[in-house]
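Dumped structure-v2.txt below, it's compact mmCIF, C-alpha atoms and all ligand atoms:
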# COMPACT_ATOMS: atom_id res chain seq x y z
CA MET B 1312 14.41 130.90 -63.66
CA ASP B 1313 13.78 127.17 -63.13
CA ILE B 1314 12.99 126.63 -59.44
CA TYR B 1315 13.38 122.85 -59.91
CA ASP B 1316 16.93 123.13 -61.25
CA PRO B 1317 19.47 122.17 -58.55
CA ALA B 1318 22.09 124.53 -60.03
CA TYR B 1319 19.66 127.46 -59.92
CA ILE B 1320 18.54 126.64 -56.35
CA LYS B 1321 22.18 126.58 -55.20
CA SER B 1322 23.02 129.78 -57.06
CA VAL B 1323 20.27 131.63 -55.19
CA LEU B 1324 20.81 130.11 -51.76
CA ARG B 1325 24.61 129.90 -51.55
CA PRO B 1326 25.15 133.67 -51.41
CA LEU B 1327 22.67 133.76 -48.49
CA GLY B 1328 24.90 131.40 -46.51
CA PHE B 1329 22.27 128.65 -46.74
CA THR B 1330 23.22 125.02 -46.19
CA PHE B 1331 20.59 122.27 -46.13
CA SER B 1332 19.57 121.48 -42.57
CA LYS B 1333 18.74 117.88 -41.72
CA ALA B 1334 17.17 118.95 -38.44
CA ARG B 1335 14.71 121.09 -40.38
CA GLY B 1336 14.05 118.36 -42.94
CA GLN B 1337 15.24 120.52 -45.82
CA ASN B 1338 14.89 118.15 -48.78
CA PHE B 1339 13.53 120.20 -51.67
CA LEU B 1340 11.51 118.80 -54.55
CA ILE B 1341 13.32 119.06 -57.88
CA ASP B 1342 10.84 117.07 -59.98
CA PRO B 1343 8.12 119.49 -61.23
CA GLU B 1344 5.72 116.62 -61.95
CA ILE B 1345 5.18 115.92 -58.21
CA PRO B 1346 3.89 119.42 -57.26
CA ARG B 1347 1.70 119.41 -60.36
CA ARG B 1348 0.15 116.08 -59.33
CA MET B 1349 -0.33 117.24 -55.75
CA ALA B 1350 -1.96 120.54 -56.75
CA GLY B 1351 -4.42 118.56 -58.89
CA TYR B 1352 -6.08 117.29 -55.69
CA ILE B 1353 -6.91 120.69 -54.18
CA ARG B 1354 -10.32 121.17 -55.86
CA ASP B 1355 -11.47 117.71 -54.77
CA MET B 1356 -10.34 118.47 -51.22
CA THR B 1357 -12.75 121.40 -50.97
CA GLY B 1358 -15.56 119.69 -52.89
CA GLY B 1359 -15.12 122.31 -55.64
CA ALA B 1360 -15.54 125.28 -53.26
CA PRO B 1361 -12.98 128.15 -53.21
CA ALA B 1362 -9.85 126.88 -51.49
CA GLY B 1363 -7.77 128.52 -48.76
CA VAL B 1364 -4.56 126.51 -48.66
CA LEU B 1365 -2.09 126.49 -45.78
CA GLU B 1366 1.33 125.30 -46.90
CA ILE B 1367 3.69 124.23 -44.16
CA GLY B 1368 7.38 124.59 -44.95
CA PRO B 1369 7.36 126.05 -48.48
CA GLY B 1370 11.18 125.89 -48.66
CA PHE B 1371 12.35 127.07 -52.08
CA GLY B 1372 8.75 127.11 -53.34
CA ALA B 1373 8.55 123.90 -55.38
CA LEU B 1374 5.05 123.14 -54.15
CA THR B 1375 4.09 126.77 -53.49
CA SER B 1376 4.23 127.64 -57.14
CA ALA B 1377 1.81 124.82 -58.14
CA LEU B 1378 -0.47 125.43 -55.15
CA LEU B 1379 -0.76 129.14 -55.97
CA ASP B 1380 -2.31 128.28 -59.32
CA ALA B 1381 -4.72 125.77 -57.73
CA SER B 1382 -5.97 127.83 -54.78
CA ASP B 1383 -7.92 131.03 -54.20
CA LYS B 1384 -5.62 132.02 -51.34
CA LEU B 1385 -2.35 130.49 -50.21
CA ALA B 1386 -0.74 131.15 -46.84
CA ALA B 1387 2.66 129.54 -46.37
CA ILE B 1388 4.53 129.31 -43.09
CA GLU B 1389 8.31 128.88 -43.15
CA VAL B 1390 10.66 128.74 -40.17
CA ASP B 1391 13.88 129.50 -42.10
CA HIS B 1392 14.17 133.27 -42.68
CA ARG B 1393 16.51 132.99 -45.66
CA LEU B 1394 13.97 130.85 -47.53
CA ALA B 1395 11.17 133.15 -46.39
CA ASP B 1396 13.06 136.14 -47.87
CA VAL B 1397 13.46 134.37 -51.22
CA LEU B 1398 9.78 133.43 -51.40
CA GLU B 1399 8.56 136.82 -50.30
CA SER B 1400 10.42 138.59 -53.07
CA ARG B 1401 9.51 135.95 -55.69
CA TYR B 1402 5.76 136.01 -55.04
CA LYS B 1403 5.24 139.58 -53.80
CA GLU B 1404 3.19 140.44 -56.91
CA ARG B 1405 0.73 137.61 -56.27
CA GLY B 1406 -2.34 139.02 -54.53
CA ASN B 1407 -3.47 135.63 -53.23
CA PHE B 1408 -0.21 134.83 -51.38
CA THR B 1409 0.79 135.49 -47.77
CA LEU B 1410 4.08 134.40 -46.31
CA LEU B 1411 4.15 133.80 -42.58
CA ARG B 1412 7.41 133.40 -40.71
CA GLY B 1413 7.74 131.03 -37.80
CA ASP B 1414 7.41 127.53 -36.45
CA ALA B 1415 4.18 125.93 -37.66
CA LEU B 1416 4.08 123.83 -34.49
CA ARG B 1417 3.86 126.96 -32.37
CA VAL B 1418 1.06 128.79 -34.11
CA ASP B 1419 -2.66 128.49 -33.46
CA LEU B 1420 -3.66 126.83 -36.74
CA ASN B 1421 -7.38 127.49 -36.22
CA ALA B 1422 -6.76 131.20 -35.63
CA LEU B 1423 -4.54 131.25 -38.71
CA ALA B 1424 -7.36 129.74 -40.81
CA ASP B 1425 -9.84 132.29 -39.47
CA ALA B 1426 -7.48 135.18 -40.21
CA GLN B 1427 -6.36 134.06 -43.68
CA PHE B 1428 -9.19 132.09 -45.23
CA ASN B 1429 -12.37 134.03 -44.59
CA GLY B 1430 -15.14 132.66 -46.86
CA LEU B 1431 -12.89 129.90 -48.22
CA VAL B 1432 -12.64 126.22 -47.34
CA PRO B 1433 -9.35 125.78 -45.43
CA VAL B 1434 -7.16 122.83 -46.38
CA ALA B 1435 -3.48 122.09 -45.75
CA ALA B 1436 -0.76 120.89 -48.08
CA ALA B 1437 2.90 120.17 -47.42
CA ASN B 1438 6.00 118.25 -48.14
CA LEU B 1439 6.50 117.83 -44.40
CA PRO B 1440 9.91 117.97 -42.74
CA TYR B 1441 10.69 114.42 -41.54
CA SER B 1442 11.68 115.57 -38.08
CA VAL B 1443 8.23 116.91 -37.18
CA THR B 1444 5.93 114.75 -39.31
CA SER B 1445 3.91 113.08 -36.53
CA ASP B 1446 3.67 116.24 -34.42
CA MET B 1447 2.54 118.27 -37.43
CA ILE B 1448 -0.10 115.71 -38.44
CA GLY B 1449 -1.34 115.69 -34.84
CA ALA B 1450 -1.53 119.50 -34.81
CA LEU B 1451 -3.42 119.59 -38.13
CA ILE B 1452 -5.91 116.98 -36.92
CA ARG B 1453 -6.49 118.87 -33.66
CA ALA B 1454 -6.96 122.13 -35.58
CA THR B 1455 -10.54 121.42 -36.54
CA ARG B 1456 -10.83 124.05 -39.31
CA TYR B 1457 -8.94 122.15 -42.00
CA ARG B 1458 -11.24 120.02 -44.12
CA ALA B 1459 -8.47 117.94 -45.67
CA MET B 1460 -4.69 117.58 -45.62
CA LEU B 1461 -2.50 116.64 -48.58
CA LEU B 1462 0.79 115.55 -47.09
CA MET B 1463 4.01 114.15 -48.44
CA ILE B 1464 5.54 112.06 -45.67
CA GLN B 1465 7.97 109.21 -45.15
CA ARG B 1466 6.49 105.94 -46.52
CA GLU B 1467 6.90 104.26 -43.13
CA VAL B 1468 4.74 106.93 -41.46
CA ALA B 1469 2.16 106.59 -44.25
CA ALA B 1470 2.05 102.85 -43.54
CA ARG B 1471 1.31 103.59 -39.88
CA LEU B 1472 -1.58 105.86 -40.85
CA THR B 1473 -3.24 103.27 -43.09
CA ALA B 1474 -2.38 100.09 -41.12
CA PRO B 1475 -5.06 97.51 -40.29
CA PRO B 1476 -5.23 96.07 -36.73
CA ALA B 1477 -2.78 93.33 -35.72
CA THR B 1478 0.04 94.55 -37.95
CA ALA B 1479 3.41 95.91 -36.84
CA GLU B 1480 2.52 99.37 -38.19
CA TYR B 1481 -0.83 99.62 -36.37
CA GLY B 1482 -0.57 101.72 -33.24
CA SER B 1483 -2.06 104.51 -31.17
CA PHE B 1484 -1.10 107.04 -33.91
CA THR B 1485 -3.13 104.99 -36.43
CA VAL B 1486 -6.13 104.96 -34.10
CA PHE B 1487 -5.85 108.67 -33.27
CA ALA B 1488 -5.76 109.69 -36.95
CA ARG B 1489 -8.52 107.24 -37.93
CA VAL B 1490 -10.93 108.58 -35.32
CA PHE B 1491 -10.88 111.97 -37.08
CA CYS B 1492 -9.85 111.33 -40.69
CA GLU B 1493 -10.16 109.00 -43.62
CA THR B 1494 -6.67 108.46 -44.97
CA LYS B 1495 -5.64 107.37 -48.44
CA ALA B 1496 -2.15 106.82 -49.87
CA LEU B 1497 -2.07 108.47 -53.31
CA PHE B 1498 1.39 107.82 -54.75
CA ASP B 1499 5.02 107.22 -53.80
CA VAL B 1500 7.86 109.63 -54.50
CA PRO B 1501 11.41 108.27 -54.97
CA PRO B 1502 14.50 109.81 -53.32
CA GLN B 1503 15.78 111.17 -56.64
CA ALA B 1504 12.86 113.65 -56.73
CA PHE B 1505 14.62 115.65 -53.96
CA MET B 1506 17.74 117.67 -53.30
CA PRO B 1507 19.50 116.55 -51.19
CA ARG B 1508 18.38 112.95 -51.69
CA PRO B 1509 16.87 111.42 -48.57
CA ASN B 1510 17.50 107.73 -47.94
CA VAL B 1511 13.79 106.96 -47.70
CA VAL B 1512 10.85 106.78 -50.09
CA SER B 1513 8.05 109.29 -49.54
CA THR B 1514 4.31 108.88 -49.97
CA VAL B 1515 1.69 111.52 -50.74
CA MET B 1516 -1.31 111.03 -48.45
CA LEU B 1517 -4.76 112.54 -48.54
CA MET B 1518 -6.36 112.85 -45.12
CA THR B 1519 -10.01 113.92 -45.22
CA ARG B 1520 -11.69 114.99 -42.01
CA ARG B 1521 -14.78 112.97 -41.15
CA GLU B 1522 -18.09 114.81 -40.81
CA SER B 1523 -18.09 113.65 -37.22
CA ALA B 1524 -15.36 111.87 -35.29
CA LEU B 1525 -15.77 108.12 -34.78
CA VAL B 1526 -15.63 108.77 -31.03
CA PRO B 1527 -17.94 111.38 -29.44
CA GLU B 1528 -16.02 114.28 -27.91
CA ASP B 1529 -17.05 113.52 -24.33
CA LYS B 1530 -15.71 109.98 -24.64
CA GLN B 1531 -12.39 110.91 -26.26
CA PRO B 1532 -10.25 111.33 -23.09
CA LEU B 1533 -11.13 107.83 -21.84
CA PHE B 1534 -11.04 106.32 -25.34
CA PHE B 1535 -7.50 107.58 -25.98
CA ARG B 1536 -6.39 106.59 -22.47
CA ILE B 1537 -7.53 103.03 -23.22
CA SER B 1538 -6.17 102.86 -26.76
CA ARG B 1539 -2.79 104.34 -25.80
CA ALA B 1540 -2.49 101.90 -22.88
CA SER B 1541 -3.38 98.99 -25.16
CA PHE B 1542 -0.40 99.75 -27.40
CA ALA B 1543 2.02 100.79 -24.65
CA MET B 1544 3.08 97.23 -23.86
CA ARG B 1545 2.71 95.49 -27.19
CA ARG B 1546 3.78 92.04 -26.02
CA LYS B 1547 1.47 92.06 -22.99
CA THR B 1548 -2.14 90.88 -22.86
CA LEU B 1549 -4.90 93.45 -22.88
CA HIS B 1550 -5.62 92.46 -19.29
CA ASN B 1551 -2.06 93.26 -18.17
CA ALA B 1552 -1.84 96.45 -20.24
CA LEU B 1553 -5.10 97.87 -18.92
CA SER B 1554 -4.45 96.73 -15.34
CA ALA B 1555 -1.21 98.74 -15.44
CA ALA B 1556 -2.95 101.79 -16.91
CA PHE B 1557 -5.95 101.71 -14.56
CA PRO B 1558 -4.52 101.08 -11.08
CA GLU B 1559 -7.76 102.42 -9.61
CA PHE B 1560 -9.43 99.13 -10.61
CA ALA B 1561 -8.53 95.71 -9.15
CA ARG B 1562 -7.12 93.22 -11.70
CA GLN B 1563 -10.24 91.10 -11.36
CA ALA B 1564 -12.46 94.12 -12.12
CA VAL B 1565 -10.35 94.99 -15.19
CA SER B 1566 -10.77 91.44 -16.47
CA GLN B 1567 -14.54 91.66 -16.00
CA LYS B 1568 -14.74 95.01 -17.81
CA ILE B 1569 -12.83 93.60 -20.79
CA SER B 1570 -15.06 90.51 -20.90
CA ALA B 1571 -18.17 92.69 -20.59
CA ALA B 1572 -17.01 94.47 -23.77
CA GLY B 1573 -17.10 91.09 -25.52
CA ILE B 1574 -13.29 90.81 -25.68
CA ASP B 1575 -11.03 88.03 -24.42
CA PRO B 1576 -8.76 89.61 -21.73
CA GLY B 1577 -5.93 87.33 -22.92
CA VAL B 1578 -5.60 88.91 -26.39
CA ARG B 1579 -2.98 91.55 -27.15
CA GLY B 1580 -4.26 95.14 -27.23
CA GLU B 1581 -2.66 95.91 -30.58
CA THR B 1582 -5.12 93.54 -32.30
CA ARG B 1583 -8.18 95.61 -31.33
CA ASP B 1584 -10.05 97.98 -33.63
CA ILE B 1585 -11.82 101.27 -32.92
CA SER B 1586 -15.25 99.74 -32.29
CA GLU B 1587 -13.70 97.45 -29.66
CA PHE B 1588 -11.90 100.35 -27.94
CA LEU B 1589 -15.27 102.13 -27.91
CA ARG B 1590 -16.93 99.16 -26.19
CA LEU B 1591 -14.10 99.14 -23.65
CA CYS B 1592 -14.75 102.83 -23.13
CA ASP B 1593 -18.32 102.00 -22.15
CA THR B 1594 -17.40 99.26 -19.69
CA PHE B 1595 -14.55 101.32 -18.17
CA SER B 1596 -16.66 104.43 -17.75
CA GLY B 1597 -18.69 102.77 -14.97
CA THR B 1598 -17.25 102.29 -11.47
N1 LIG A 1601 7.98 122.56 -49.73
C1 LIG A 1601 9.37 122.50 -50.14
C2 LIG A 1601 9.55 121.45 -51.19
O1 LIG A 1601 8.67 120.57 -51.30
O2 LIG A 1601 10.57 121.47 -51.87
C3 LIG A 1601 10.29 122.25 -48.94
C4 LIG A 1601 9.97 121.02 -48.16
S1 LIG A 1601 11.19 120.59 -46.97
C5 LIG A 1601 10.88 118.87 -46.84
C6 LIG A 1601 10.55 121.17 -45.43
C7 LIG A 1601 10.49 122.68 -45.23
O3 LIG A 1601 9.88 122.94 -43.95
C8 LIG A 1601 11.83 123.38 -45.18
O4 LIG A 1601 11.77 124.54 -45.96
C9 LIG A 1601 12.03 123.76 -43.70
O5 LIG A 1601 12.81 124.92 -43.51
C10 LIG A 1601 10.59 123.96 -43.25
N2 LIG A 1601 10.34 123.70 -41.84
C11 LIG A 1601 10.94 122.81 -41.00
N3 LIG A 1601 10.39 122.82 -39.79
C12 LIG A 1601 9.39 123.75 -39.83
C13 LIG A 1601 8.46 124.25 -38.88
N4 LIG A 1601 8.46 123.76 -37.63
N5 LIG A 1601 7.60 125.22 -39.24
C14 LIG A 1601 7.62 125.73 -40.52
N6 LIG A 1601 8.49 125.30 -41.47
C15 LIG A 1601 9.35 124.33 -41.14
Using the file provided, produce a representation of the structure as structure tokens.
Ligand code: SAM
Amino acid sequence: MDIYDPAYIKSVLRPLGFTFSKARGQNFLIDPEIPRRMAGYIRDMTGGAPAGVLEIGPGFGALTSALLDASDKLAAIEVDHRLADVLESRYKERGNFTLLRGDALRVDLNALADAQFNGLVPVAAANLPYSVTSDMIGALIRATRYRAMLLMIQREVAARLTAPPATAEYGSFTVFARVFCETKALFDVPPQAFMPRPNVVSTVMLMTRRESALVPEDKQPLFFRISRASFAMRRKTLHNALSAAFPEFARQAVSQKISAAGIDPGVRGETRDISEFLRLCDTFSGT
């Protein structure tokens, strides 16, 4: 049994009536070197402590198999029942494996960590389906239990996560992720590493949760309201963008609040960094 052999994969799945679903991002890894490299990061992600790994979308198990060897407990959640059946029967002898069936976007990921990874350091790993990449990253960041996330994603999304201010890729998603995580691009994966071949290059990212968020919890609602508004109208000045987002303040007052934060109201919002959004948060929190 070679789970990376396209002929073997098809021979198992065809009788089950399986066809690859684009909507579910079903591009399976067929290069065994990639899972091996990814699994090599798990110990670092937990700082050497026993690892409880959540795998999202195990598919035919390309990554699952390598993660099982690298973790103390692996819980994998798969939405496609035919794939879940295959994995369940393949790994049923492994005491440190639990297969969960369902949509990872609809489960309480913190509750899952508490139920599955008692006494372990929870981390997440996945070759994420393209269709839900941003939503899934958002859900993993909001689920505070996971210390780090090792994620294979589209290279364009990886560029958004690591973008510096004033670039086309820098946006509210960049700022949101950066407030909570340090993000590093580890390596690229070419289309030929998958079946079927996607028409994009993928990147494996390591997102490590910060000890404390760059924005205190009580300030986050206003901070994200300001940062989202600053990117909502990318061609507009910060003054125009924030005037539109804060109709409760007169335009003149908005201009004063931006200046009081030490920022020129005529710049574009997308050029601002987190410390500047934080200063805006302070000047906008007054009346
Ligand atoms: N991990 C496997 C690999 O690397 O070969 C498969 C990765 S494939 C890109 C994505 C997998 O996620 C598919 O098996 C798909 O059925 C599953 N999936 C898609 N949406 C999902 C969701 N919302 N929740 C859980 N699994 C999902």
Legend entry - Two-atom distance - atom CA of B:Arg1521, atom C8 of ligand LIG 1601 (chain A) (Å):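 Calculated distance between atom CA of B:Arg1521 and atom C8 of ligand LIG 1601 (chain A) is 28.9 Å.
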Inset, instruction - Measure the distance from atom CA of B:Ser1570 to atom CA of B:Gln1531 in Å and round it to one decimal. - result: 21.3 Å
Inset, instruction - Pick out the residues sitting within 7 Å of B:Phe1542, and hand them over as JSON, numbers by chain; count all atoms listed in the file, and ignore anything fewer than 4 positions along from it in its own chain. - result: {"B": [1482, 1483, 1538, 1580, 1581]}
Take the residues from that selection and put them in a file with C-alpha atoms, as a short mmCIF file (atom, residue, chain, number, x, y, z; two decimals), in the coordinates of the input.
data_model
loop_
_atom_site.label_atom_id
_atom_site.label_comp_id
_atom_site.auth_asym_id
_atom_site.auth_seq_id
_atom_site.Cartn_x
_atom_site.Cartn_y
_atom_site.Cartn_z
CA GLY B 1482 -0.57 101.72 -33.24
CA SER B 1483 -2.06 104.51 -31.17
CA SER B 1538 -6.17 102.86 -26.76
CA GLY B 1580 -4.26 95.14 -27.23
CA GLU B 1581 -2.66 95.91 -30.58
#
Inset, instruction - Around ligand LIG 1601 (chain A), at most 9 Å away and counting only C-alpha atoms and all ligand atoms, which residues are there? Put them as a VMD selection string, please. - result: chain B and resid 1315 1331 to 1332 1334 to 1341 1346 1366 to 1375 1387 to 1392 1394 to 1395 1412 to 1417 1437 to 1443 1447 1463 to 1464 1505 to 1506
Write a file of the selected residues as a CSV table (one decimal), in the coordinates of the input, keeping C-alpha atoms.
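See again_15.csv below for the written result:
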chain,number,residue,atom,x,y,z
B,1315,TYR,CA,13.4,122.8,-59.9
B,1331,PHE,CA,20.6,122.3,-46.1
B,1332,SER,CA,19.6,121.5,-42.6
B,1334,ALA,CA,17.2,119.0,-38.4
B,1335,ARG,CA,14.7,121.1,-40.4
B,1336,GLY,CA,14.0,118.4,-42.9
B,1337,GLN,CA,15.2,120.5,-45.8
B,1338,ASN,CA,14.9,118.2,-48.8
B,1339,PHE,CA,13.5,120.2,-51.7
B,1340,LEU,CA,11.5,118.8,-54.6
B,1341,ILE,CA,13.3,119.1,-57.9
B,1346,PRO,CA,3.9,119.4,-57.3
B,1366,GLU,CA,1.3,125.3,-46.9
B,1367,ILE,CA,3.7,124.2,-44.2
B,1368,GLY,CA,7.4,124.6,-45.0
B,1369,PRO,CA,7.4,126.0,-48.5
B,1370,GLY,CA,11.2,125.9,-48.7
B,1371,PHE,CA,12.4,127.1,-52.1
B,1372,GLY,CA,8.8,127.1,-53.3
B,1373,ALA,CA,8.6,123.9,-55.4
B,1374,LEU,CA,5.0,123.1,-54.2
B,1375,THR,CA,4.1,126.8,-53.5
B,1387,ALA,CA,2.7,129.5,-46.4
B,1388,ILE,CA,4.5,129.3,-43.1
B,1389,GLU,CA,8.3,128.9,-43.2
B,1390,VAL,CA,10.7,128.7,-40.2
B,1391,ASP,CA,13.9,129.5,-42.1
B,1392,HIS,CA,14.2,133.3,-42.7
B,1394,LEU,CA,14.0,130.8,-47.5
B,1395,ALA,CA,11.2,133.2,-46.4
B,1412,ARG,CA,7.4,133.4,-40.7
B,1413,GLY,CA,7.7,131.0,-37.8
B,1414,ASP,CA,7.4,127.5,-36.4
B,1415,ALA,CA,4.2,125.9,-37.7
B,1416,LEU,CA,4.1,123.8,-34.5
B,1417,ARG,CA,3.9,127.0,-32.4
B,1437,ALA,CA,2.9,120.2,-47.4
B,1438,ASN,CA,6.0,118.2,-48.1
B,1439,LEU,CA,6.5,117.8,-44.4
B,1440,PRO,CA,9.9,118.0,-42.7
B,1441,TYR,CA,10.7,114.4,-41.5
B,1442,SER,CA,11.7,115.6,-38.1
B,1443,VAL,CA,8.2,116.9,-37.2
B,1447,MET,CA,2.5,118.3,-37.4
B,1463,MET,CA,4.0,114.2,-48.4
B,1464,ILE,CA,5.5,112.1,-45.7
B,1505,PHE,CA,14.6,115.6,-54.0
B,1506,MET,CA,17.7,117.7,-53.3
Inset, instruction - Pick out the residues sitting within 9 Å of stretch 1352-1358 of chain B, and hand them over as a PyMOL selection string; count all atoms listed in the file, and ignore anything fewer than 4 positions along from it in its own chain. - result: chain B and resi 1348+1362-1364+1378+1381-1382+1431-1434+1436+1458-1461+1517+1519
Mind checking which residues fall within 7 Å of B:Val1500, counting only C-alpha atoms, ignoring those fewer than 6 positions away in the same chain, and posting them as a compact mmCIF listing (two decimals) with C-alpha atoms, in the coordinates of the input?
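The resulting out_35.txt:
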# COMPACT_ATOMS: atom_id res chain seq x y z
CA VAL B 1512 10.85 106.78 -50.09
CA SER B 1513 8.05 109.29 -49.54
CA THR B 1514 4.31 108.88 -49.97
Inset, instruction - Could you please determine the separation between atom CA of B:Arg1393 and atom CA of B:Leu1410 in Å, to one decimal place? - result: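 Between atom CA of B:Arg1393 and atom CA of B:Leu1410 the gap works out to 12.5 Å.
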Inset, instruction - Compile the contact shell of B:Gly1573 as an NGL selection string: residues with an atom at most 12 Å away, counting all atoms listed in the file, same-chain residues fewer than 5 positions apart removed. - result: :B and (1566-1568 or 1578 or 1583 or 1586-1591 or 1593-1594)
